[in-house]
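Please read the structure below before turning to the comments.
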Amino acid sequence: MTSSSTPRVAVITGAARGIGLATAHWFLRHGYQVALIDNDAATLAQTDQQFNNPAHVLAVHCDVSKPEQVTQAVHTIVARFGRVDALVNNAGVAVFKPIGETTFEDWRFVMATNLDGAYLCTQAFVPEMLKNGGGSVVNIASISGLRASTLRVAYGTSKAALIHLTRQQAVEYGDAGVRVNAVAPGPVETEMAKLVHSDAIRRDYFDAIPLKRYGTTDEIASTIGFLCSADAGYINGQVIAADGGFDAAGVGLPTLRQQSQRKG
C-alpha cells in the first residue's frame, strides 16, 4: 500500500493538446502528478518540453487502441509514480463523412480509439487504483453521443457507445470504490475547431447554444477535475453535458428565443 502522503496521480489520454492538455494543467494545479498519454510522438514531446517538469509530468507515447501498448503504459507509469488515482479517457479521433461514404475502415478507425481505447485503458488502470482503495475514471464523450448530427455516423455512434460503457463501468466498478462518469462537451474552442469550423458553422452553433458561444478547454477541464475530486464523491454513472445548454435546447428553440427576446 502506497503512503497516503504520496501525491495523487492522474493519467490522461490524448493529452498532448486541447482538452487533454488543459486537463493536465488542472491536475497539476491541484497537486497531482500527471502522466500524459498520446499517440502523436512529436506533439507529445513538444508538450513535455513545454512543461519541463520531470518530477511531476511523465510523457508516454502510446496508441490506446493497442492492448500491448496500453499494458506497457501502465507498467511505465506505475514504475515512475507508484500509483494511479484518476484516469481521463480523452483520446479521440473523428471521420466526418456521409453514411454511404463511410468505409468499414473509417468505422473501425474511429471505434478503435474512441471506444476500444477507453475500454482497454480503464480495464488496465483500474487494478492500480484498487491497490490504493479506489479512484475515479472520466470518459470524454461528446454532445454527438447525445444528439445525432450530419456526417457523424462513426463519431457519434462511438460516443453514444462510450456513454453506455460509462454506465456499465460505473455499476461494476462502483462496488470496488472506483467511480466512473462521462463528460459530453459541446463545441469547444480548440485548435482543431478553429481549423475545421467555418464562420457559417460557428454562427449555426451560436444560434443553437443558449449561451451563444463555444466552451473553453479550461471549462471542460474543470468539469473533469470536479468529477475526479472528493466533492463529487457520490456522483457515479452520470453524463454531464458541458455544452452551454445545447442538448437542453431541443429543436427549433433558437427562433423561439429570438422572438422571446424581441418581446422582452
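Naming works like this for the C-alpha cells: A, B, ... for the chains as they're shown, residue 1 at the start of each chain, ligands 1 onward in shown order.
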Could you give me, as a tab-separated table, a per-residue list for range 119-237 of chain A showing, wherever an atom lies at most 8 Å from an atom of range 69-79 of chain A, the closest pair of atoms and their distance in Å to one decimal, using only C-alpha atoms and sorting by chain then residue number from low to high?
residue	atom	partner	partner_atom	distance
A:Leu120	CA	A:Val70	CA	7.1
A:Cys121	CA	A:Val70	CA	6.4
A:Ala124	CA	A:Thr71	CA	6.6
A:Phe125	CA	A:Val74	CA	6.6
Go ahead and save the residues from that selection, with C-alpha atoms, as a tab-separated table (two decimals), in the first residue's frame.
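Okay, out37.tsv is ready:
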chain	number	residue	atom	x	y	z
A	120	LEU	CA	-8.73	-1.03	-22.68
A	121	CYS	CA	-7.34	1.81	-20.57
A	124	ALA	CA	-5.80	-1.80	-17.39
A	125	PHE	CA	-5.60	1.11	-14.94
Backbone-only DSSP, strand (DSSP E) members of range 21-210 of chain A, as an NGL selection string: :A and (33-38 or 57-61 or 86-89 or 135-140 or 178-183)
Output of the above residues as a JSON list (two decimals), in the first residue's frame, restricted to C-alpha atoms:
[["chain", "number", "residue", "atom", "x", "y", "z"],
["A", 33, "GLN", "CA", 1.49, 14.10, -10.64],
["A", 34, "VAL", "CA", 0.39, 13.64, -14.24],
["A", 35, "ALA", "CA", 1.03, 11.04, -16.92],
["A", 36, "LEU", "CA", 0.39, 12.30, -20.44],
["A", 37, "ILE", "CA", -0.52, 9.61, -22.96],
["A", 38, "ASP", "CA", -0.68, 10.39, -26.68],
["A", 57, "VAL", "CA", 4.97, 15.11, -15.52],
["A", 58, "LEU", "CA", 5.61, 11.91, -17.46],
["A", 59, "ALA", "CA", 5.02, 11.69, -21.20],
["A", 60, "VAL", "CA", 4.16, 8.23, -22.52],
["A", 61, "HIS", "CA", 3.88, 7.55, -26.24],
["A", 86, "ALA", "CA", -7.59, 9.19, -11.75],
["A", 87, "LEU", "CA", -7.95, 8.21, -15.38],
["A", 88, "VAL", "CA", -9.28, 10.54, -18.07],
["A", 89, "ASN", "CA", -10.10, 8.71, -21.31],
["A", 135, "GLY", "CA", -10.25, 6.23, -7.70],
["A", 136, "SER", "CA", -12.13, 7.93, -10.48],
["A", 137, "VAL", "CA", -12.49, 7.48, -14.23],
["A", 138, "VAL", "CA", -13.87, 10.14, -16.55],
["A", 139, "ASN", "CA", -14.69, 9.22, -20.14],
["A", 140, "ILE", "CA", -14.81, 12.11, -22.58],
["A", 178, "VAL", "CA", -13.98, 3.36, -8.43],
["A", 179, "ARG", "CA", -16.42, 5.97, -9.70],
["A", 180, "VAL", "CA", -16.92, 6.30, -13.47],
["A", 181, "ASN", "CA", -18.59, 9.27, -15.14],
["A", 182, "ALA", "CA", -18.63, 10.93, -18.54],
["A", 183, "VAL", "CA", -18.36, 14.48, -19.80]]
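Compared by their closest atoms to Lys159 in chain A, and using only C-alpha atoms, the residues A:Asp247, A:Asp116, A:Glu128, A:Asp218 rank with A:Asp116 nearest.
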Quick one: distance from CA of Lys131 in chain A to CA of Val84 in chain A in Å, one decimal? 8.9 Å
Residues within 9 Å of range 106-109 of chain A, please, as a short mmCIF file (atom, residue, chain, number, x, y, z; two decimals) with N, CA and C atoms, in the first residue's frame. Count only C-alpha atoms; anything in the same chain fewer than 3 positions from it doesn't count.
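Output file selection.cif follows:
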data_model
loop_
_atom_site.label_atom_id
_atom_site.label_comp_id
_atom_site.auth_asym_id
_atom_site.auth_seq_id
_atom_site.Cartn_x
_atom_site.Cartn_y
_atom_site.Cartn_z
N VAL A 93 -10.65 10.31 -32.08
CA VAL A 93 -10.46 10.64 -33.49
C VAL A 93 -11.83 10.77 -34.13
N ALA A 94 -11.85 11.37 -35.32
CA ALA A 94 -13.13 11.57 -36.00
C ALA A 94 -12.97 11.42 -37.50
N VAL A 95 -14.02 10.91 -38.12
CA VAL A 95 -14.15 10.87 -39.57
C VAL A 95 -15.52 11.44 -39.89
N THR A 102 -18.84 6.38 -45.67
CA THR A 102 -18.03 5.95 -44.54
C THR A 102 -17.67 4.48 -44.71
N THR A 103 -16.40 4.22 -44.93
CA THR A 103 -15.97 2.84 -45.15
C THR A 103 -15.89 2.09 -43.83
N ALA A 112 -11.95 2.08 -32.76
CA ALA A 112 -10.76 1.53 -32.10
C ALA A 112 -10.20 2.49 -31.07
N THR A 113 -10.19 3.77 -31.38
CA THR A 113 -9.67 4.74 -30.42
C THR A 113 -10.73 5.21 -29.44
N ASN A 114 -11.88 5.64 -29.95
CA ASN A 114 -12.88 6.28 -29.09
C ASN A 114 -13.56 5.33 -28.12
N VAL A 153 -21.77 9.52 -38.37
CA VAL A 153 -22.27 8.18 -38.08
C VAL A 153 -21.27 7.39 -37.25
N ALA A 154 -19.99 7.47 -37.56
CA ALA A 154 -18.99 6.73 -36.79
C ALA A 154 -18.68 7.45 -35.48
N TYR A 155 -18.41 8.73 -35.57
CA TYR A 155 -18.04 9.50 -34.38
C TYR A 155 -19.17 9.52 -33.35
#
Of the residues A:Asn236, A:Thr216, A:Leu211, A:Ile99, which is the one nearest to Arg167 in chain A, using only C-alpha atoms? A:Asn236
Taking 6 positions as the minimum chain separation for residues in the same chain, which residues sit within 9 Å of Ala161 in chain A when counting only C-alpha atoms? Answer as a CSV table (one decimal) with C-alpha atoms, in the first residue's frame.
chain,number,residue,atom,x,y,z
A,115,LEU,CA,-14.5,3.1,-27.7
A,141,ALA,CA,-17.9,11.6,-24.7
A,145,GLY,CA,-23.2,11.0,-28.4
Please identify which residues in range 14-263 of chain A DSSP calls helix (DSSP H, G or I) from the backbone, and express them as a ChimeraX atom specification. /A:18-29,41-51,67-81,99-101,104-130,143-145,153-174,191-196,199-208,217-228,230-232,246-249,253-263
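Of the listed residues (A:Gly92, A:Gly177, A:Gly31, A:Gly215), A:Gly92 comes nearest to Gly156 in chain A; the distances count only C-alpha atoms.
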Rounded to one decimal place, report the CA of Ser229 in chain A-CA of Ala184 in chain A distance in Å. 18.0 Å
